[in-house]
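Written out below as structure tokens is the structure these notes cover.
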Amino acid sequence: MTASSIESGAQRAGRYASAFAVGETAAPGAWGSIAAACLDALDSLPERANLGFIYVTAALADDLGSIVTFLRERSGVADWTGTVGLGVMASGAEFYDRPALSILVAALPEGSYRPFRPVVSDMADFDRHHGAWVGEHKPILGVVHGDPRNPAIVDIVEAVSGKTSAFLVGGLTASESPEFPQVCGTLAEGGLSGVLFSSEQLAVTGLSQGCTPIGESHEVTGAAGQGIVTSLDDRPALAVLREDVGELLARDLSRIGGYIFAALPIPGSDTGDYLVRNLVGLDMERECLQIGDEVAGGDRLGFCRRDHASARSDLKRMLEDLRERAGGAPRAALYFSCVARGRHLFGTNSEELQLIRETFGDIPLSGFFANGEISNNRLYGYTGVLTLLL
């Protein structure tokens, strides 16, 4: 996504000097001391800062409301949006398995952004509260957070994107506690919340797949509901899978768990985008398979593999593409990555975030490891979604 209007880097610097700042902390202690340390870690607090992004690890989920109140009172930043992740991010660093907090604060022109509370089902309440602003400001970007427990979350993402015409980026809450809080003024849960930006905020976004397609996609010629695929290209589905994964893996399909996935091509995509879905089960007797999504006859389905080398290569491709499209140094960034990436795919030395810093420098960056990633109007898995704020 690229904003429709263009400014030079010098013009942007003149209008928005020091408009973004980031702070992070990961340490034992009470939430108050952690939040205070995070504020102290801000490289600067932008003058007239009015919007903050906040991401916490699960260890701080129960204290999130208190943390937001503290940050609002101590910083003067009125509007906050964010959620809980299994890990949180800052420039070049990832934090897991301990109380950790990452914030990004911004000073934006008055009226150039619009927070919204969770859309849980239909769009009626959203229209009532935000329809006039959307019509006047025609937002081009939305940073959103969703509740993975809502069975309609995929439809809600598509509905909000369609209603606003904004390019959405974000992720689903990843919490180890019974609560799945989102920050949207106060705490809430159950749907999709976030903030919309008018065209005054320029941005570019990119999506990196954590998997690499294996061969070509196939036509689903037999499906039995609940994600069960009986045939591909008029052949037994399992026979096609064996052929695609190669002789070595085909000898023992029990070895493909966590390595081979289903890939659902996105119709009309000019970039070869696809949705990654788990292989839920294999029926050796009936030669069929089950994936973690609904499929029907006539759909396209392929297979992909997930490994460090392919994920690293695709991330570097995405970063180089974004650097070219940004046309200069970004002022800040937000990154949303799958819980299965990070340390599980790139190792324990924050390689995923290090690659971003190597490409764009030590810019203010915040984000979290999500239970599903949002790019444009779709919910993805095993991906990384990077947004550069220009």
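FYI, nothing fancy with the structure tokens labels: chains A, B, ... in order, residues from 1 per chain, ligands from 1 as they appear.
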
>> Using only C-alpha atoms, which protein or nucleic acid residues come within 10 Å of Arg117 in chain A? Drop anything in the same chain fewer than 6 positions from it, and give the result as an NGL selection string.
In response: :A and (81 or 125-126 or 129 or 182-189 or 191-195)

Atoms to include: all heavy atoms. Write the selected residues as a short mmCIF file (atom, residue, chain, number, x, y, z; two decimals), in the first residue's frame.
```cif
data_model
loop_
_atom_site.label_atom_id
_atom_site.label_comp_id
_atom_site.auth_asym_id
_atom_site.auth_seq_id
_atom_site.Cartn_x
_atom_site.Cartn_y
_atom_site.Cartn_z
N THR A 81 -3.81 2.62 21.45
CA THR A 81 -4.34 1.42 20.80
C THR A 81 -3.29 0.33 20.89
O THR A 81 -2.09 0.60 20.88
CB THR A 81 -4.73 1.68 19.34
OG1 THR A 81 -5.34 0.51 18.77
CG2 THR A 81 -3.52 2.06 18.49
N ASP A 125 -22.97 -0.07 14.34
CA ASP A 125 -22.42 0.83 15.35
C ASP A 125 -21.22 1.60 14.80
O ASP A 125 -21.05 2.79 15.08
CB ASP A 125 -22.03 0.02 16.59
CG ASP A 125 -21.64 0.92 17.76
OD1 ASP A 125 -22.52 1.67 18.23
OD2 ASP A 125 -20.48 0.89 18.19
N PHE A 126 -20.40 0.94 14.01
CA PHE A 126 -19.25 1.60 13.39
C PHE A 126 -19.73 2.74 12.50
O PHE A 126 -19.20 3.85 12.55
CB PHE A 126 -18.44 0.59 12.59
CG PHE A 126 -17.22 1.17 11.92
CD1 PHE A 126 -15.99 1.15 12.55
CD2 PHE A 126 -17.31 1.75 10.65
CE1 PHE A 126 -14.87 1.69 11.94
CE2 PHE A 126 -16.19 2.30 10.04
CZ PHE A 126 -14.97 2.27 10.68
N HIS A 129 -20.94 5.85 14.50
CA HIS A 129 -19.94 6.65 15.19
C HIS A 129 -18.84 7.19 14.26
O HIS A 129 -18.23 8.23 14.57
CB HIS A 129 -19.28 5.84 16.30
CG HIS A 129 -20.19 5.59 17.47
ND1 HIS A 129 -20.93 4.44 17.59
CD2 HIS A 129 -20.47 6.35 18.55
CE1 HIS A 129 -21.63 4.49 18.72
NE2 HIS A 129 -21.38 5.63 19.31
N GLN A 182 -7.96 -5.74 24.21
CA GLN A 182 -7.51 -4.78 23.22
C GLN A 182 -7.61 -3.40 23.85
O GLN A 182 -8.53 -3.12 24.61
CB GLN A 182 -8.38 -4.82 21.96
CG GLN A 182 -8.40 -6.15 21.24
CD GLN A 182 -9.50 -6.20 20.19
OE1 GLN A 182 -9.92 -5.19 19.67
NE2 GLN A 182 -9.98 -7.41 19.91
N VAL A 183 -6.66 -2.54 23.51
CA VAL A 183 -6.70 -1.16 23.97
C VAL A 183 -7.34 -0.31 22.89
O VAL A 183 -6.86 -0.29 21.74
CB VAL A 183 -5.29 -0.63 24.28
CG1 VAL A 183 -5.34 0.82 24.74
CG2 VAL A 183 -4.61 -1.51 25.32
N CYS A 184 -8.43 0.36 23.23
CA CYS A 184 -9.13 1.24 22.29
C CYS A 184 -9.85 2.31 23.11
O CYS A 184 -11.07 2.30 23.21
CB CYS A 184 -10.09 0.46 21.40
SG CYS A 184 -11.09 -0.77 22.27
N GLY A 185 -9.08 3.20 23.70
CA GLY A 185 -9.62 4.13 24.67
C GLY A 185 -9.59 3.48 26.04
O GLY A 185 -8.73 3.75 26.87
N THR A 186 -10.53 2.58 26.28
CA THR A 186 -10.49 1.69 27.44
C THR A 186 -10.16 0.29 26.94
O THR A 186 -9.83 0.10 25.77
CB THR A 186 -11.85 1.71 28.15
OG1 THR A 186 -12.86 1.31 27.21
CG2 THR A 186 -12.18 3.10 28.68
N LEU A 187 -10.24 -0.69 27.83
CA LEU A 187 -10.02 -2.08 27.42
C LEU A 187 -11.32 -2.67 26.91
O LEU A 187 -12.40 -2.40 27.43
CB LEU A 187 -9.50 -2.92 28.58
CG LEU A 187 -8.10 -2.64 29.10
CD1 LEU A 187 -7.65 -3.78 30.00
CD2 LEU A 187 -7.10 -2.42 27.98
N ALA A 188 -11.20 -3.50 25.88
CA ALA A 188 -12.36 -4.20 25.34
C ALA A 188 -11.84 -5.48 24.69
O ALA A 188 -10.64 -5.72 24.61
CB ALA A 188 -13.10 -3.34 24.33
N GLU A 189 -12.74 -6.31 24.23
CA GLU A 189 -12.36 -7.53 23.52
C GLU A 189 -13.54 -7.99 22.69
O GLU A 189 -14.61 -7.41 22.71
CB GLU A 189 -11.92 -8.61 24.50
CG GLU A 189 -12.94 -8.98 25.56
CD GLU A 189 -12.40 -10.01 26.55
OE1 GLU A 189 -11.22 -9.94 26.93
OE2 GLU A 189 -13.18 -10.88 26.94
N GLY A 191 -13.81 -8.36 19.21
CA GLY A 191 -13.95 -8.03 17.80
C GLY A 191 -12.69 -7.45 17.21
O GLY A 191 -11.58 -7.86 17.55
N LEU A 192 -12.86 -6.45 16.35
CA LEU A 192 -11.74 -5.79 15.67
C LEU A 192 -11.77 -4.31 16.02
O LEU A 192 -12.76 -3.62 15.79
CB LEU A 192 -11.86 -5.97 14.15
CG LEU A 192 -10.68 -5.45 13.33
CD1 LEU A 192 -9.53 -6.46 13.37
CD2 LEU A 192 -11.08 -5.17 11.88
N SER A 193 -10.67 -3.82 16.60
CA SER A 193 -10.57 -2.42 16.97
C SER A 193 -9.27 -1.86 16.42
O SER A 193 -8.41 -2.59 15.93
CB SER A 193 -10.60 -2.25 18.49
OG SER A 193 -9.44 -2.84 19.08
N GLY A 194 -9.10 -0.54 16.53
CA GLY A 194 -7.85 0.05 16.06
C GLY A 194 -7.97 1.52 15.80
O GLY A 194 -8.76 2.23 16.44
N VAL A 195 -7.22 1.99 14.82
CA VAL A 195 -7.21 3.42 14.48
C VAL A 195 -7.05 3.56 12.97
O VAL A 195 -6.29 2.83 12.34
CB VAL A 195 -6.07 4.15 15.23
CG1 VAL A 195 -4.71 3.55 14.91
CG2 VAL A 195 -6.06 5.64 14.95
#
```

>> Which of range 224-378 of chain A end up as helix (DSSP H, G or I) when DSSP is run on this backbone - answer as a PyMOL selection string?
In response: chain A and resi 237-245+247-250+253-256+308-326+343-346+351-360

Keeping only C-alpha atoms, write the selected residues to a file as a CSV table (one decimal), in the first residue's frame.
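Saved to selection.csv:
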```csv
chain,number,residue,atom,x,y,z
A,237,ALA,CA,-5.4,-35.8,-2.9
A,238,LEU,CA,-2.8,-37.7,-1.0
A,239,ALA,CA,-1.2,-39.0,-4.2
A,240,VAL,CA,-0.8,-35.4,-5.3
A,241,LEU,CA,0.7,-34.4,-2.0
A,242,ARG,CA,3.2,-37.2,-2.1
A,243,GLU,CA,4.2,-36.2,-5.6
A,244,ASP,CA,4.7,-32.5,-4.6
A,245,VAL,CA,6.7,-33.1,-1.5
A,247,GLU,CA,10.2,-39.0,-2.7
A,248,LEU,CA,12.1,-38.6,0.6
A,249,LEU,CA,9.2,-37.1,2.5
A,250,ALA,CA,6.6,-39.2,0.6
A,253,LEU,CA,4.3,-38.5,5.6
A,254,SER,CA,4.3,-38.3,9.4
A,255,ARG,CA,7.5,-36.2,9.0
A,256,ILE,CA,5.8,-33.3,7.3
A,308,HIS,CA,14.5,-20.7,8.1
A,309,ALA,CA,16.2,-20.2,4.7
A,310,SER,CA,13.1,-19.6,2.7
A,311,ALA,CA,11.6,-17.3,5.4
A,312,ARG,CA,14.8,-15.3,5.6
A,313,SER,CA,15.0,-14.9,1.8
A,314,ASP,CA,11.4,-13.7,1.5
A,315,LEU,CA,11.8,-11.3,4.4
A,316,LYS,CA,14.9,-9.7,2.8
A,317,ARG,CA,13.0,-9.5,-0.5
A,318,MET,CA,10.1,-7.7,1.2
A,319,LEU,CA,12.5,-5.3,3.0
A,320,GLU,CA,14.3,-4.4,-0.2
A,321,ASP,CA,11.0,-3.8,-2.0
A,322,LEU,CA,9.9,-1.5,0.9
A,323,ARG,CA,13.1,0.4,0.9
A,324,GLU,CA,12.7,1.2,-2.8
A,325,ARG,CA,9.1,2.2,-2.4
A,326,ALA,CA,9.7,4.3,0.7
A,343,ARG,CA,12.6,-17.3,17.7
A,344,HIS,CA,10.9,-20.4,16.3
A,345,LEU,CA,11.9,-19.7,12.7
A,346,PHE,CA,14.7,-17.2,12.9
A,351,GLU,CA,17.3,-12.1,13.7
A,352,GLU,CA,13.9,-11.1,12.3
A,353,LEU,CA,14.0,-7.7,13.9
A,354,GLN,CA,17.8,-7.4,13.3
A,355,LEU,CA,17.2,-7.7,9.5
A,356,ILE,CA,14.7,-4.9,9.7
A,357,ARG,CA,17.1,-2.7,11.6
A,358,GLU,CA,19.9,-3.5,9.2
A,359,THR,CA,17.7,-2.3,6.3
A,360,PHE,CA,16.2,0.8,7.7
```

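Checking A:Arg74, A:Lys138, A:Arg149, A:Arg286 one by one against Gly162 in chain A, counting only C-alpha atoms, you find the shortest gap at A:Lys138.
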
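Among A:Ile54, A:Glu287, A:Thr205, A:Val385, the residue with the shortest atom-to-atom distance to Arg235 in chain A, counting only C-alpha atoms, is A:Glu287.
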
> Counting only C-alpha atoms, what is within 12 Å of Gly257 in chain A, bar same-chain residues fewer than 6 positions away, as a VMD selection string?
Replying inline: chain A and resid 249 278 to 282 304 to 306

For the residues in the current selection, export C-alpha atoms as a compact mmCIF listing (two decimals), in the first residue's frame.
```txt
# COMPACT_ATOMS: atom_id res chain seq x y z
CA LEU A 249 9.15 -37.11 2.52
CA ASN A 278 -2.34 -26.19 8.51
CA LEU A 279 -2.62 -29.75 7.28
CA VAL A 280 -4.98 -30.98 9.99
CA GLY A 281 -5.02 -34.66 9.07
CA LEU A 282 -4.13 -37.31 6.50
CA CYS A 304 4.28 -25.01 0.68
CA ARG A 305 7.19 -25.61 3.02
CA ARG A 306 8.33 -23.56 6.01
```

> Residues at most 6 Å from range 25-30 of chain A, counting only C-alpha atoms, excluding those fewer than 2 positions away in the same chain, as a list in words?
Replying inline: Gly32, Ser33, Cys38, Pro99, Ala100 and Leu101 of chain A

Selected residues, all heavy atoms, written as a short mmCIF file (atom, residue, chain, number, x, y, z; two decimals), in the first residue's frame, please.
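Dumped everything to result_20.cif:
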```cif
data_model
loop_
_atom_site.label_atom_id
_atom_site.label_comp_id
_atom_site.auth_asym_id
_atom_site.auth_seq_id
_atom_site.Cartn_x
_atom_site.Cartn_y
_atom_site.Cartn_z
N GLY A 32 3.93 -1.00 37.54
CA GLY A 32 4.19 0.44 37.61
C GLY A 32 5.63 0.78 37.32
O GLY A 32 5.92 1.73 36.58
N SER A 33 6.55 0.01 37.88
CA SER A 33 7.97 0.27 37.64
C SER A 33 8.33 -0.05 36.19
O SER A 33 9.18 0.63 35.58
CB SER A 33 8.83 -0.54 38.59
OG SER A 33 8.63 -1.94 38.42
N CYS A 38 9.64 2.17 30.87
CA CYS A 38 9.37 2.27 29.44
C CYS A 38 9.29 3.74 29.02
O CYS A 38 9.83 4.13 27.98
CB CYS A 38 8.07 1.54 29.11
SG CYS A 38 7.76 1.37 27.34
N PRO A 99 7.73 -10.18 31.72
CA PRO A 99 6.98 -8.94 31.57
C PRO A 99 7.73 -7.99 30.63
O PRO A 99 8.88 -7.63 30.88
CB PRO A 99 6.92 -8.37 32.99
CG PRO A 99 7.15 -9.55 33.88
CD PRO A 99 8.09 -10.44 33.12
N ALA A 100 7.09 -7.62 29.53
CA ALA A 100 7.73 -6.73 28.56
C ALA A 100 6.68 -5.81 27.96
O ALA A 100 5.52 -6.19 27.76
CB ALA A 100 8.43 -7.53 27.46
N LEU A 101 7.12 -4.60 27.65
CA LEU A 101 6.22 -3.55 27.18
C LEU A 101 6.93 -2.77 26.09
O LEU A 101 8.10 -2.41 26.23
CB LEU A 101 5.88 -2.63 28.36
CG LEU A 101 5.22 -1.27 28.11
CD1 LEU A 101 3.85 -1.45 27.48
CD2 LEU A 101 5.11 -0.51 29.42
#
```

Can you write out as a tab-separated table which residues of range 21-104 of chain A fall within 12 Å of range 168-171 of chain A, alongside each residue's closest atom pair and its distance in Å to one decimal, counting only C-alpha atoms and ordering rows by chain and ascending residue number?
```
residue	atom	partner	partner_atom	distance
A:Phe53	CA	A:Gly170	CA	11.5
A:Tyr55	CA	A:Gly171	CA	11.4
A:Thr81	CA	A:Gly170	CA	11.2
A:Gly82	CA	A:Gly170	CA	9.5
A:Thr83	CA	A:Gly171	CA	9.2
A:Val84	CA	A:Gly171	CA	10.1
A:Gly85	CA	A:Gly171	CA	9.2
A:Leu86	CA	A:Gly171	CA	11.9
```

Using N, CA, C and O atoms, can you export the residues from the last selection as a PDB file, in the first residue's frame?
```pdb
ATOM      1  N   PHE A  53       0.815   3.624  20.490  1.00  0.00           N
ATOM      2  CA  PHE A  53       0.620   2.197  20.268  1.00  0.00           C
ATOM      3  C   PHE A  53       1.272   1.466  21.435  1.00  0.00           C
ATOM      4  O   PHE A  53       2.389   1.800  21.832  1.00  0.00           O
ATOM      5  N   TYR A  55       2.018  -2.507  23.177  1.00  0.00           N
ATOM      6  CA  TYR A  55       1.988  -3.961  23.083  1.00  0.00           C
ATOM      7  C   TYR A  55       2.685  -4.532  24.313  1.00  0.00           C
ATOM      8  O   TYR A  55       3.777  -4.067  24.691  1.00  0.00           O
ATOM      9  N   THR A  81      -3.815   2.622  21.447  1.00  0.00           N
ATOM     10  CA  THR A  81      -4.341   1.421  20.805  1.00  0.00           C
ATOM     11  C   THR A  81      -3.291   0.328  20.890  1.00  0.00           C
ATOM     12  O   THR A  81      -2.091   0.604  20.879  1.00  0.00           O
ATOM     13  N   GLY A  82      -3.721  -0.928  21.019  1.00  0.00           N
ATOM     14  CA  GLY A  82      -2.761  -2.022  21.107  1.00  0.00           C
ATOM     15  C   GLY A  82      -3.399  -3.281  21.653  1.00  0.00           C
ATOM     16  O   GLY A  82      -4.621  -3.391  21.761  1.00  0.00           O
ATOM     17  N   THR A  83      -2.560  -4.240  22.046  1.00  0.00           N
ATOM     18  CA  THR A  83      -3.074  -5.517  22.544  1.00  0.00           C
ATOM     19  C   THR A  83      -1.938  -6.328  23.157  1.00  0.00           C
ATOM     20  O   THR A  83      -0.851  -5.819  23.420  1.00  0.00           O
ATOM     21  N   VAL A  84      -2.201  -7.622  23.348  1.00  0.00           N
ATOM     22  CA  VAL A  84      -1.257  -8.556  23.978  1.00  0.00           C
ATOM     23  C   VAL A  84      -0.680  -9.491  22.922  1.00  0.00           C
ATOM     24  O   VAL A  84      -1.406  -9.964  22.035  1.00  0.00           O
ATOM     25  N   GLY A  85       0.603  -9.778  23.020  1.00  0.00           N
ATOM     26  CA  GLY A  85       1.241 -10.737  22.130  1.00  0.00           C
ATOM     27  C   GLY A  85       2.043 -11.748  22.923  1.00  0.00           C
ATOM     28  O   GLY A  85       2.384 -11.522  24.084  1.00  0.00           O
ATOM     29  N   LEU A  86       2.363 -12.874  22.305  1.00  0.00           N
ATOM     30  CA  LEU A  86       3.238 -13.849  22.958  1.00  0.00           C
ATOM     31  C   LEU A  86       4.667 -13.337  23.027  1.00  0.00           C
ATOM     32  O   LEU A  86       5.500 -13.899  23.735  1.00  0.00           O
TER      33      LEU A  86
END
```

> So which residues of range 141-324 of chain A fall under strand (DSSP E or B) by DSSP, listed as a PyMOL selection string?
Replying inline: chain A and resi 141-146+167-172+182-184+186-188+192-197+203-209+212-225+228-232+235-236+260-265+274-277+279-283+288-291+300-305

> Leaving out Ile363 in chain A and any residue of its chain fewer than 2 positions from it, which residues lie within 10 Å of it when counting only C-alpha atoms, given as a PyMOL selection string?
Replying inline: chain A and resi 20-22+90-92+329-333+356-357+360-361+365-366+388

> What is the distance, in Å and to one decimal place, between CA of Asn376 in chain A and CA of Cys338 in chain A?
Replying inline: 16.2 Å

> Which value, in Å to one decimal, gives the distance between CA of Arg300 in chain A and CA of Ala223 in chain A?
Replying inline: 11.8 Å
